[in-house]
Amino acid sequence: MTNMKRFLFCSDLHGDQACEKSVKAVMAATKDFKPHLKIFGGDLMDARPLRRGASREERAEGMQYDWRAGIKFLHEWQPTHALMGNHDKRIYDLAEASNGIETEYAFKGTQELERAYAEVNCLWKPYHKRSVWKFGSLSFLHGFYHGVNACRQHANVYGNCIFGHIHAADQYTAPCIKRRTSMSAGCLCDLDMKWSAHIPGTLRHNHGFIMGMINEKTGAWTAWQVEEVDGKWHVPTKIKTI
């Protein structure tokens with residue numbers, strides 16, 4: 001068992017839309033489980049004023065509190081590895097645009113975020129279809145498919161993988177001689193954000209994260225989806241090998 005590394009994966013904080021109770025659950029689980037790998041799956045910020053199709057009310061909002069909440073989480077949880085999400089990418093897209101002072105401020109924002117990753121010694125990857133952290137046979141990514149078939153699609157493309165993005169805890173194992181399983185983590189953010197208030201499909205969203213162990217030499221791994229049930233968290237932090 002000495003070759004087994006413990007890991008904790010969480011995703012989709014969405015800055016000032018974070019669920020405080022969920023963040024506390026991750027912090028408590030980290031303290032007890034003591035993972036070797038702490039992987040954040042992306043969407044550190046919500047960046048809703050930059051959302052395509054954002055309402056006039058959303059566009060009028062500033063991003064100060066959203067941004068500070070994301071940076072605060074980085075400093076407090078101190079992930080070892082991170083992935084950019086599609087929401088985080090919005091600020092990078094604006095930084096590469098030609099929108100005058102908005103582009104200048106966005107560029108400063110990207111620099112601040114990258115400094116924050118450096119300050120906590122966190123390795124990070126941009127939002128891209130090839131951006132995955134791979135340990136043994138298990139890949140970690142933000143996620144690119146959505147909907148009820150997301151786990152199946154990720155398993156078919158990325159093999160054994162753990163991802164965020166869809167805000168729902170789910171799992172799928174593909175019919176294959178070698179095990180090929182994908183797991184989604186749930187989210188750390190509000191389940192009823194304004195943009196999703198009229199979308200019944202988001203009723204499957206739930207708070208959660210994933211804990212597990214992996215042997216990087218053999219590729220063997222196991223993981224547990226930890227979810228909020230009836231407002232309470234039941235976290236398996238003690239592992240007994242039989």
# chains A, B, ... in the order shown; residues from 1 in each chain; ligands from 1
call {"tool": "residues_around", "arguments": {"residues": "Arg68 (chain A)", "least_positions_apart": "4", "cutoff": "8 Å", "atoms": "only C-alpha atoms", "output": "list in words"}}
result
Gly15, Gln64 and Lys72 of chain A
call {"tool": "write_last_selection", "arguments": {"atoms": "all heavy atoms", "output": "PDB file, in the first residue's frame"}}
result
ATOM      1  N   GLY A  15     -16.646  31.208  -7.619  1.00  0.00           N
ATOM      2  CA  GLY A  15     -16.387  32.466  -6.917  1.00  0.00           C
ATOM      3  C   GLY A  15     -17.400  32.827  -5.864  1.00  0.00           C
ATOM      4  O   GLY A  15     -17.612  32.086  -4.897  1.00  0.00           O
ATOM      5  N   GLN A  64     -15.465  42.078  -8.688  1.00  0.00           N
ATOM      6  CA  GLN A  64     -14.537  42.154  -7.558  1.00  0.00           C
ATOM      7  C   GLN A  64     -14.776  41.043  -6.533  1.00  0.00           C
ATOM      8  O   GLN A  64     -13.847  40.331  -6.146  1.00  0.00           O
ATOM      9  CB  GLN A  64     -14.655  43.518  -6.870  1.00  0.00           C
ATOM     10  CG  GLN A  64     -13.737  43.648  -5.652  1.00  0.00           C
ATOM     11  CD  GLN A  64     -13.853  45.009  -4.979  1.00  0.00           C
ATOM     12  OE1 GLN A  64     -14.548  45.892  -5.474  1.00  0.00           O
ATOM     13  NE2 GLN A  64     -13.189  45.177  -3.867  1.00  0.00           N
ATOM     14  N   LYS A  72      -9.323  33.658  -2.730  1.00  0.00           N
ATOM     15  CA  LYS A  72      -9.344  33.276  -1.314  1.00  0.00           C
ATOM     16  C   LYS A  72      -9.360  31.747  -1.166  1.00  0.00           C
ATOM     17  O   LYS A  72      -8.633  31.180  -0.345  1.00  0.00           O
ATOM     18  CB  LYS A  72     -10.563  33.888  -0.619  1.00  0.00           C
ATOM     19  CG  LYS A  72     -10.694  33.584   0.870  1.00  0.00           C
ATOM     20  CD  LYS A  72     -11.857  34.380   1.451  1.00  0.00           C
ATOM     21  CE  LYS A  72     -12.017  34.139   2.953  1.00  0.00           C
ATOM     22  NZ  LYS A  72     -12.724  32.877   3.229  1.00  0.00           N
TER      23      LYS A  72
END
call {"tool": "residues_around", "arguments": {"residues": "Glu227 (chain A)", "least_positions_apart": "5", "cutoff": "7 Å", "atoms": "only C-alpha atoms", "output": "VMD selection string"}}
result
chain A and resid 207 to 209 233
call {"tool": "select_by_dssp", "arguments": {"residues": "region 7-238 of chain A", "states": "strand (DSSP E)", "output": "ChimeraX atom specification"}}
result
/A:7-10,37-40,81-83,123-125,133-135,138-141,161-163,169-173,181-185,208-215,221-229,232-233
call {"tool": "closest_atom_pairs", "arguments": {"of": "region 151-226 of chain A", "to": "region 21-28 of chain A", "cutoff": "12 Å", "atoms": "only C-alpha atoms", "output": "CSV"}}
result
residue,atom,partner,partner_atom,distance
A:Gly186,CA,A:Ser22,CA,10.6
A:Cys187,CA,A:Ser22,CA,8.4
A:Leu188,CA,A:Ser22,CA,5.5
A:Cys189,CA,A:Ser22,CA,7.7
A:Asp190,CA,A:Ser22,CA,9.4
A:Leu191,CA,A:Ser22,CA,11.2
A:Asn206,CA,A:Ser22,CA,10.3
A:His207,CA,A:Ser22,CA,6.7
A:Gly208,CA,A:Ser22,CA,7.5
A:Phe209,CA,A:Val26,CA,7.6
A:Ile210,CA,A:Val26,CA,9.7
A:Met211,CA,A:Val26,CA,10.0
A:Val226,CA,A:Val26,CA,9.7
call {"tool": "residues_around", "arguments": {"residues": "region 47-61 of chain A", "least_positions_apart": "5", "cutoff": "12 Å", "atoms": "only C-alpha atoms", "output": "JSON, numbers by chain"}}
result
{"A": [13, 14, 15, 16, 17, 66, 67, 68, 69, 70, 85, 86, 87, 88, 89, 90, 91, 92, 93, 94, 95, 102, 103, 106, 109, 193, 194, 195, 196]}
call {"tool": "closest_atom_pairs", "arguments": {"of": "region 208-239 of chain A", "to": "region 130-141 of chain A", "cutoff": "9 Å", "atoms": "only C-alpha atoms", "output": "Markdown table"}}
result
| residue | atom | partner | partner_atom | distance |
| --- | --- | --- | --- | --- |
| A:Ile214 | CA | A:Gly136 | CA | 7.3 |
| A:Asn215 | CA | A:Gly136 | CA | 6.6 |
| A:Glu216 | CA | A:Gly136 | CA | 4.0 |
| A:Lys217 | CA | A:Gly136 | CA | 6.3 |
| A:Thr218 | CA | A:Gly136 | CA | 6.9 |
| A:Gly219 | CA | A:Gly136 | CA | 4.4 |
| A:Ala220 | CA | A:Ser137 | CA | 7.2 |
| A:Trp221 | CA | A:Leu138 | CA | 7.5 |
call {"tool": "write_last_selection", "arguments": {"atoms": "N, CA and C atoms", "output": "PDB file, in the first residue's frame"}}
result
ATOM      1  N   ILE A 214      -4.765   6.009  -5.641  1.00  0.00           N
ATOM      2  CA  ILE A 214      -4.254   5.528  -6.919  1.00  0.00           C
ATOM      3  C   ILE A 214      -2.814   5.060  -6.769  1.00  0.00           C
ATOM      4  N   ASN A 215      -2.494   3.972  -7.464  1.00  0.00           N
ATOM      5  CA  ASN A 215      -1.135   3.473  -7.550  1.00  0.00           C
ATOM      6  C   ASN A 215      -0.597   3.880  -8.914  1.00  0.00           C
ATOM      7  N   GLU A 216       0.302   4.841  -8.929  1.00  0.00           N
ATOM      8  CA  GLU A 216       0.794   5.365 -10.204  1.00  0.00           C
ATOM      9  C   GLU A 216       1.607   4.334 -10.978  1.00  0.00           C
ATOM     10  N   LYS A 217       2.159   3.328 -10.282  1.00  0.00           N
ATOM     11  CA  LYS A 217       2.976   2.307 -10.962  1.00  0.00           C
ATOM     12  C   LYS A 217       2.109   1.275 -11.669  1.00  0.00           C
ATOM     13  N   THR A 218       1.094   0.783 -10.987  1.00  0.00           N
ATOM     14  CA  THR A 218       0.242  -0.252 -11.578  1.00  0.00           C
ATOM     15  C   THR A 218      -0.976   0.324 -12.285  1.00  0.00           C
ATOM     16  N   GLY A 219      -1.339   1.552 -11.945  1.00  0.00           N
ATOM     17  CA  GLY A 219      -2.519   2.171 -12.526  1.00  0.00           C
ATOM     18  C   GLY A 219      -3.798   1.867 -11.776  1.00  0.00           C
ATOM     19  N   ALA A 220      -3.737   0.990 -10.771  1.00  0.00           N
ATOM     20  CA  ALA A 220      -4.923   0.636  -9.996  1.00  0.00           C
ATOM     21  C   ALA A 220      -5.418   1.845  -9.203  1.00  0.00           C
ATOM     22  N   TRP A 221      -6.742   2.005  -9.137  1.00  0.00           N
ATOM     23  CA  TRP A 221      -7.298   3.136  -8.405  1.00  0.00           C
ATOM     24  C   TRP A 221      -8.693   2.820  -7.899  1.00  0.00           C
TER      25      TRP A 221
END
call {"tool": "select_by_dssp", "arguments": {"residues": "region 37-69 of chain A", "states": "alpha helix (DSSP H)", "output": "ChimeraX atom specification"}}
result
/A:56-60,64-69
call {"tool": "closest_residue", "arguments": {"among": "A:Arg179, A:Gly41, A:Cys151, A:Phe73", "to": "Tyr127 (chain A)", "atoms": "only C-alpha atoms"}}
result
A:Gly41
call {"tool": "closest_atom_pairs", "arguments": {"of": "region 6-80 of chain A", "to": "region 154-163 of chain A", "cutoff": "9 Å", "atoms": "only C-alpha atoms", "output": "tab-separated table"}}
result
residue	atom	partner	partner_atom	distance
A:Phe9	CA	A:Ile162	CA	8.0
A:Cys10	CA	A:Phe163	CA	8.6
A:Ser11	CA	A:Phe163	CA	7.9
A:Gly41	CA	A:Phe163	CA	6.6
call {"tool": "write_last_selection", "arguments": {"atoms": "C-alpha atoms", "output": "short mmCIF file (atom, residue, chain, number, x, y, z; two decimals), in the first residue's frame"}}
result
data_model
loop_
_atom_site.label_atom_id
_atom_site.label_comp_id
_atom_site.auth_asym_id
_atom_site.auth_seq_id
_atom_site.Cartn_x
_atom_site.Cartn_y
_atom_site.Cartn_z
CA PHE A 9 -10.81 16.27 -6.35
CA CYS A 10 -13.30 19.13 -6.15
CA SER A 11 -14.60 21.49 -8.79
CA GLY A 41 -11.24 20.89 -11.47
#
call {"tool": "closest_residue", "arguments": {"among": "A:His205, A:Arg6, A:Lys31, A:His75", "to": "His165 (chain A)", "atoms": "only C-alpha atoms"}}
result
A:His205
call {"tool": "atom_distance", "arguments": {"atom1": "CA of Ser184 (chain A)", "atom2": "CA of Tyr65 (chain A)"}}
result
27.5 Å
call {"tool": "closest_residue", "arguments": {"among": "A:Cys19, A:Ala169, A:Met84, A:Ala223", "to": "Pro126 (chain A)", "atoms": "only C-alpha atoms"}}
result
A:Met84
